[in-house]
file run.cif (mmCIF, C-alpha atoms)
data_target
loop_
_atom_site.group_PDB
_atom_site.id
_atom_site.type_symbol
_atom_site.label_atom_id
_atom_site.label_comp_id
_atom_site.auth_asym_id
_atom_site.auth_seq_id
_atom_site.Cartn_x
_atom_site.Cartn_y
_atom_site.Cartn_z
ATOM 1 C CA MET A 560 87.927 87.841 56.313
ATOM 2 C CA ARG A 561 91.306 89.533 56.160
ATOM 3 C CA ASN A 562 93.750 89.390 59.018
ATOM 4 C CA LEU A 563 95.723 92.560 59.676
ATOM 5 C CA ILE A 564 98.330 93.387 62.286
ATOM 6 C CA LEU A 565 96.429 95.795 64.515
ATOM 7 C CA GLY A 566 97.775 98.541 66.752
ATOM 8 C CA PRO A 567 96.079 99.431 70.034
ATOM 9 C CA ALA A 568 94.030 102.199 68.383
ATOM 10 C CA ALA A 569 92.518 99.891 65.729
ATOM 11 C CA LEU A 570 88.803 99.984 65.048
ATOM 12 C CA ILE A 571 86.830 96.723 64.958
ATOM 13 C CA ALA A 572 83.514 97.014 63.163
ATOM 14 C CA GLY A 573 80.862 94.357 62.584
ATOM 15 C CA LEU A 574 79.781 93.743 59.025
ATOM 16 C CA CYS A 575 77.523 90.825 58.227
ATOM 17 C CA ALA A 576 78.524 89.276 61.553
ATOM 18 C CA LEU A 577 82.186 89.136 60.477
ATOM 19 C CA PRO A 578 84.738 91.498 61.994
ATOM 20 C CA VAL A 579 86.323 94.020 59.666
ATOM 21 C CA ALA A 580 89.547 95.599 60.861
ATOM 22 C CA ALA A 581 90.481 99.183 60.124
ATOM 23 C CA SER A 582 93.967 100.564 60.436
ATOM 24 C CA ALA A 583 94.758 102.957 63.274
ATOM 25 C CA ALA A 584 95.284 105.706 60.671
ATOM 26 C CA ALA A 585 91.586 105.487 59.771
ATOM 27 C CA SER A 586 90.287 106.162 63.279
ATOM 28 C CA GLY A 587 88.785 109.435 64.468
ATOM 29 C CA SER A 588 86.804 112.001 62.478
ATOM 30 C CA TYR A 589 87.268 113.662 59.103
ATOM 31 C CA ILE A 590 85.631 116.783 57.703
ATOM 32 C CA CYS A 591 84.924 116.549 53.993
ATOM 33 C CA ALA A 592 84.092 119.366 51.578
ATOM 34 C CA ILE A 593 82.065 118.286 48.556
ATOM 35 C CA GLY A 594 83.309 120.421 45.661
ATOM 36 C CA GLU A 595 81.688 118.846 42.614
ATOM 37 C CA VAL A 596 78.452 116.910 42.035
ATOM 38 C CA TYR A 597 77.330 115.375 38.742
ATOM 39 C CA GLU A 598 73.885 113.933 38.029
ATOM 40 C CA CYS A 599 74.014 111.077 35.535
ATOM 41 C CA GLU A 600 71.161 109.530 33.554
ATOM 42 C CA ALA A 601 71.378 106.555 31.196
ATOM 43 C CA VAL A 602 70.421 108.311 27.945
ATOM 44 C CA ASN A 603 71.300 111.927 28.724
ATOM 45 C CA GLY A 604 74.759 111.470 30.260
ATOM 46 C CA CYS A 605 76.039 113.581 33.161
ATOM 47 C CA LYS A 606 75.620 117.246 34.053
ATOM 48 C CA ARG A 607 77.058 119.256 36.914
ATOM 49 C CA VAL A 608 74.574 120.175 39.663
ATOM 50 C CA SER A 609 74.824 121.867 43.051
ATOM 51 C CA THR A 610 74.757 120.133 46.414
ATOM 52 C CA ASP A 611 71.515 122.043 47.085
ATOM 53 C CA THR A 612 69.924 120.389 44.045
ATOM 54 C CA ILE A 613 70.352 116.958 45.641
ATOM 55 C CA ASN A 614 69.674 118.152 49.209
ATOM 56 C CA LEU A 615 73.235 117.495 50.383
ATOM 57 C CA SER A 616 75.389 119.653 52.626
ATOM 58 C CA GLU A 617 78.653 120.937 51.147
ATOM 59 C CA PHE A 618 80.419 119.726 54.315
ATOM 60 C CA ILE A 619 80.157 116.277 55.879
ATOM 61 C CA ILE A 620 81.769 114.988 59.053
ATOM 62 C CA VAL A 621 82.767 111.324 58.845
ATOM 63 C CA ASP A 622 83.139 109.759 62.300
ATOM 64 C CA VAL A 623 84.940 106.466 61.713
ATOM 65 C CA ASP A 624 84.776 105.399 65.368
ATOM 66 C CA LYS A 625 80.998 105.939 65.669
ATOM 67 C CA LYS A 626 80.348 104.842 62.066
ATOM 68 C CA GLN A 627 78.319 107.985 61.314
ATOM 69 C CA LEU A 628 78.075 110.768 58.726
ATOM 70 C CA THR A 629 76.828 114.186 59.860
ATOM 71 C CA GLU A 630 75.995 117.193 57.722
ATOM 72 C CA ALA A 631 77.988 120.220 58.816
ATOM 73 C CA ALA A 632 76.151 123.467 58.101
ATOM 74 C CA ILE A 633 76.846 126.822 59.736
ATOM 75 C CA GLY A 634 74.117 127.688 62.235
ATOM 76 C CA GLU A 635 72.201 124.446 61.735
ATOM 77 C CA ASN A 636 72.078 121.057 63.397
ATOM 78 C CA GLY A 637 73.012 118.616 60.661
ATOM 79 C CA GLU A 638 71.316 115.287 60.116
ATOM 80 C CA THR A 639 73.261 112.167 61.061
ATOM 81 C CA GLU A 640 73.256 108.964 59.009
ATOM 82 C CA ASP A 641 74.679 105.627 60.126
ATOM 83 C CA ILE A 642 77.445 104.085 58.038
ATOM 84 C CA GLU A 643 76.333 100.506 57.387
ATOM 85 C CA GLY A 644 79.667 99.294 56.080
ATOM 86 C CA LEU A 645 83.163 100.561 56.795
ATOM 87 C CA ASN A 646 86.492 99.057 55.827
ATOM 88 C CA SER A 647 89.951 100.490 55.414
ATOM 89 C CA ASP A 648 93.504 99.712 54.510
ATOM 90 C CA ASP A 649 96.635 101.808 54.931
ATOM 91 C CA LYS A 650 95.657 104.029 51.958
ATOM 92 C CA ASN A 651 91.845 104.391 51.946
ATOM 93 C CA ILE A 652 88.649 104.357 53.976
ATOM 94 C CA PHE A 653 85.695 102.683 52.222
ATOM 95 C CA LEU A 654 82.124 103.503 53.313
ATOM 96 C CA TYR A 655 78.649 102.488 52.173
ATOM 97 C CA GLY A 656 75.042 102.546 53.251
ATOM 98 C CA THR A 657 71.401 102.931 52.319
ATOM 99 C CA GLN A 658 68.790 105.552 53.046
ATOM 100 C CA GLY A 659 65.252 104.759 51.962
ATOM 101 C CA LYS A 660 65.513 103.568 48.370
ATOM 102 C CA GLU A 661 68.909 105.211 47.830
ATOM 103 C CA THR A 662 72.284 103.505 48.131
ATOM 104 C CA TRP A 663 75.540 105.381 48.600
ATOM 105 C CA ASN A 664 79.261 104.715 48.766
ATOM 106 C CA ALA A 665 82.399 106.761 49.311
ATOM 107 C CA THR A 666 86.165 106.387 49.376
ATOM 108 C CA ILE A 667 88.461 108.714 51.337
ATOM 109 C CA SER A 668 92.164 108.631 50.477
ATOM 110 C CA LEU A 669 94.400 108.602 53.539
ATOM 111 C CA GLU A 670 97.306 109.621 51.290
ATOM 112 C CA ASN A 671 95.950 112.872 49.825
ATOM 113 C CA GLY A 672 92.485 113.397 51.383
ATOM 114 C CA SER A 673 90.540 113.045 48.142
ATOM 115 C CA PHE A 674 86.871 112.086 48.470
ATOM 116 C CA THR A 675 85.005 110.196 45.754
ATOM 117 C CA GLY A 676 81.439 109.014 46.250
ATOM 118 C CA GLY A 677 78.209 108.075 44.616
ATOM 119 C CA ILE A 678 74.479 108.022 45.320
ATOM 120 C CA SER A 679 72.137 105.795 43.305
ATOM 121 C CA ASP A 680 68.402 106.445 43.092
ATOM 122 C CA ALA A 681 66.370 105.577 40.008
ATOM 123 C CA PRO A 682 66.288 107.058 37.413
ATOM 124 C CA SER A 683 69.627 108.761 38.023
ATOM 125 C CA SER A 684 72.826 108.545 40.009
ATOM 126 C CA PHE A 685 75.113 111.208 41.427
ATOM 127 C CA ALA A 686 78.913 111.316 41.397
ATOM 128 C CA LEU A 687 80.508 113.321 44.231
ATOM 129 C CA PHE A 688 84.058 114.681 44.412
ATOM 130 C CA GLY A 689 85.786 116.579 47.187
ATOM 131 C CA ASN A 690 88.513 116.606 49.811
ATOM 132 C CA CYS A 691 88.738 115.532 53.451
ATOM 133 C CA THR A 692 91.020 116.366 56.330
ATOM 134 C CA LYS A 693 91.399 114.702 59.704
ATOM 135 C CA LYS A 694 89.429 116.672 62.288
#
call {"tool": "encode", "arguments": {"input": "run.cif", "output": "structure tokens"}}
result
Amino acid sequence: MRNLILGPAALIAGLCALPVAASAAASGSYICAIGEVYECEAVNGCKRVSTDTINLSEFIIVDVDKKQLTEAAIGENGETEDIEGLNSDDKNIFLYGTQGKETWNATISLENGSFTGGISDAPSSFALFGNCTKK
């Protein structure tokens, strides 16, 4: 467990029964636009695919305080997924979780807003790239 100097707005999240501290800069909500998706397979390599191909919204709201991801689609109620693990430092927010037999992870840069993520589901995995801004 890491000890950090926490401000009054710090987020305390439980992970494996140990507290994980997030910096105050990582609190609140972020809206992320997924700009590029690549499907990768062991023998065939990677190819660019659309978010529709993998049933993913182009926009995702990351609520750090509630530990939730929500699809943001115009005119639709987006699905919400719980974030199982969340950690941050003064430069990044790190997220991960599972859904069915899939695992996923993402990193949001607090310095420039870049989003990098991945989804693993046999026989392929997906690499996601985009940008986020504080909501």
call {"tool": "closest_residue", "arguments": {"input": "run.cif", "among": "A:Asp649, A:Lys694, A:Glu661, A:Ser616", "to": "Glu635 of chain A", "atoms": "all atoms listed in the file"}}
result
A:Ser616
call {"tool": "atom_distance", "arguments": {"input": "run.cif", "atom1": "atom CA of Asn614 of chain A", "atom2": "atom CA of Glu670 of chain A"}}
result
29.0 Å
call {"tool": "atom_distance", "arguments": {"input": "run.cif", "atom1": "atom CA of Arg607 of chain A", "atom2": "atom CA of Tyr589 of chain A"}}
result
25.1 Å
call {"tool": "atom_distance", "arguments": {"input": "run.cif", "atom1": "atom CA of Thr629 of chain A", "atom2": "atom CA of Val608 of chain A"}}
result
21.2 Å
call {"tool": "closest_residue", "arguments": {"input": "run.cif", "among": "A:Thr666, A:Gln658, A:Thr692, A:Asn603", "to": "Gly587 of chain A", "atoms": "all atoms listed in the file"}}
result
A:Thr692
call {"tool": "closest_residue", "arguments": {"input": "run.cif", "among": "A:Glu630, A:Trp663, A:Asn671, A:Asn651", "to": "Leu687 of chain A", "atoms": "only C-alpha atoms"}}
result
A:Trp663
call {"tool": "closest_residue", "arguments": {"input": "run.cif", "among": "A:Leu654, A:Ser588, A:Gly594, A:Cys599", "to": "Pro682 of chain A", "atoms": "only C-alpha atoms"}}
result
A:Cys599
call {"tool": "closest_residue", "arguments": {"input": "run.cif", "among": "A:Ala631, A:Lys625, A:Val596, A:Cys591", "to": "Leu645 of chain A", "atoms": "only C-alpha atoms"}}
result
A:Lys625
call {"tool": "resolve_selection", "arguments": {"input": "run.cif", "expression": "the PyMOL selection byres ((chain A and resi 690) around 8)", "output": "PyMOL selection string"}}
result
chain A and resi 591-594+672-674+688-689+691-692
call {"tool": "closest_residue", "arguments": {"input": "run.cif", "among": "A:Lys693, A:Ile678, A:Ala686, A:Ile613", "to": "Glu595 of chain A", "atoms": "all atoms listed in the file"}}
result
A:Ala686
call {"tool": "resolve_selection", "arguments": {"input": "run.cif", "expression": "the PyMOL selection byres ((chain A and resi 626) around 9)", "output": "MDAnalysis selection string"}}
result
chainID A and resid 572 621:625 627:628 640:645
call {"tool": "residues_near_point", "arguments": {"input": "run.cif", "point": "(82.0, 128.0, 56.5)", "cutoff": "9 Å", "atoms": "only C-alpha atoms", "output": "NGL selection string"}}
result
:A and (618 or 632-633)
call {"tool": "resolve_selection", "arguments": {"input": "run.cif", "expression": "the PyMOL selection byres ((chain A and resi 601) around 12)", "output": "VMD selection string"}}
result
chain A and resid 598 to 600 602 to 606 681 to 685
call {"tool": "build_atoms", "arguments": {"input": "run.cif", "residues": "segment 617-642 of chain A", "atoms": "N, CA and C atoms", "output": "short mmCIF file (atom, residue, chain, number, x, y, z; two decimals), keeping the file's coordinate frame"}}
result
data_model
loop_
_atom_site.label_atom_id
_atom_site.label_comp_id
_atom_site.auth_asym_id
_atom_site.auth_seq_id
_atom_site.Cartn_x
_atom_site.Cartn_y
_atom_site.Cartn_z
N GLU A 617 77.33 120.84 51.77
CA GLU A 617 78.65 120.94 51.15
C GLU A 617 79.74 120.37 52.05
N PHE A 618 79.46 120.25 53.35
CA PHE A 618 80.42 119.73 54.32
C PHE A 618 79.82 118.55 55.07
N ILE A 619 80.60 117.49 55.19
CA ILE A 619 80.16 116.28 55.88
C ILE A 619 81.24 115.86 56.86
N ILE A 620 80.83 115.53 58.07
CA ILE A 620 81.77 114.99 59.05
C ILE A 620 81.63 113.47 59.04
N VAL A 621 82.73 112.79 58.83
CA VAL A 621 82.77 111.32 58.84
C VAL A 621 83.41 110.90 60.16
N ASP A 622 82.63 110.26 61.03
CA ASP A 622 83.14 109.76 62.30
C ASP A 622 83.35 108.26 62.16
N VAL A 623 84.60 107.87 61.95
CA VAL A 623 84.94 106.47 61.71
C VAL A 623 84.65 105.63 62.96
N ASP A 624 84.96 106.15 64.14
CA ASP A 624 84.78 105.40 65.37
C ASP A 624 83.30 105.12 65.66
N LYS A 625 82.43 106.11 65.42
CA LYS A 625 81.00 105.94 65.67
C LYS A 625 80.26 105.37 64.46
N LYS A 626 80.94 105.28 63.33
CA LYS A 626 80.35 104.84 62.07
C LYS A 626 79.14 105.71 61.71
N GLN A 627 79.38 107.05 61.64
CA GLN A 627 78.32 107.98 61.31
C GLN A 627 78.80 109.09 60.38
N LEU A 628 77.87 109.58 59.56
CA LEU A 628 78.08 110.77 58.73
C LEU A 628 77.16 111.85 59.27
N THR A 629 77.66 113.08 59.39
CA THR A 629 76.83 114.19 59.86
C THR A 629 77.03 115.37 58.94
N GLU A 630 75.91 115.97 58.51
CA GLU A 630 76.00 117.19 57.72
C GLU A 630 76.53 118.30 58.61
N ALA A 631 77.42 119.10 58.06
CA ALA A 631 77.99 120.22 58.82
C ALA A 631 77.60 121.51 58.11
N ALA A 632 76.61 122.21 58.67
CA ALA A 632 76.15 123.47 58.10
C ALA A 632 76.25 124.55 59.17
N ILE A 633 76.69 125.73 58.79
CA ILE A 633 76.85 126.82 59.74
C ILE A 633 75.48 127.23 60.27
N GLY A 634 75.35 127.25 61.60
CA GLY A 634 74.12 127.69 62.24
C GLY A 634 72.99 126.68 62.22
N GLU A 635 73.25 125.46 61.79
CA GLU A 635 72.20 124.45 61.74
C GLU A 635 72.69 123.16 62.38
N ASN A 636 71.75 122.40 62.93
CA ASN A 636 72.08 121.06 63.40
C ASN A 636 71.94 120.12 62.22
N GLY A 637 73.04 119.49 61.82
CA GLY A 637 73.01 118.62 60.66
C GLY A 637 72.42 117.26 60.98
N GLU A 638 71.85 116.64 59.96
CA GLU A 638 71.32 115.29 60.12
C GLU A 638 72.47 114.30 60.19
N THR A 639 72.26 113.22 60.93
CA THR A 639 73.26 112.17 61.06
C THR A 639 72.73 110.88 60.43
N GLU A 640 73.59 110.22 59.70
CA GLU A 640 73.26 108.96 59.01
C GLU A 640 74.26 107.90 59.45
N ASP A 641 73.77 106.72 59.76
CA ASP A 641 74.68 105.63 60.13
C ASP A 641 75.40 105.09 58.90
N ILE A 642 76.66 104.75 59.08
CA ILE A 642 77.44 104.08 58.04
C ILE A 642 77.23 102.59 58.23
#
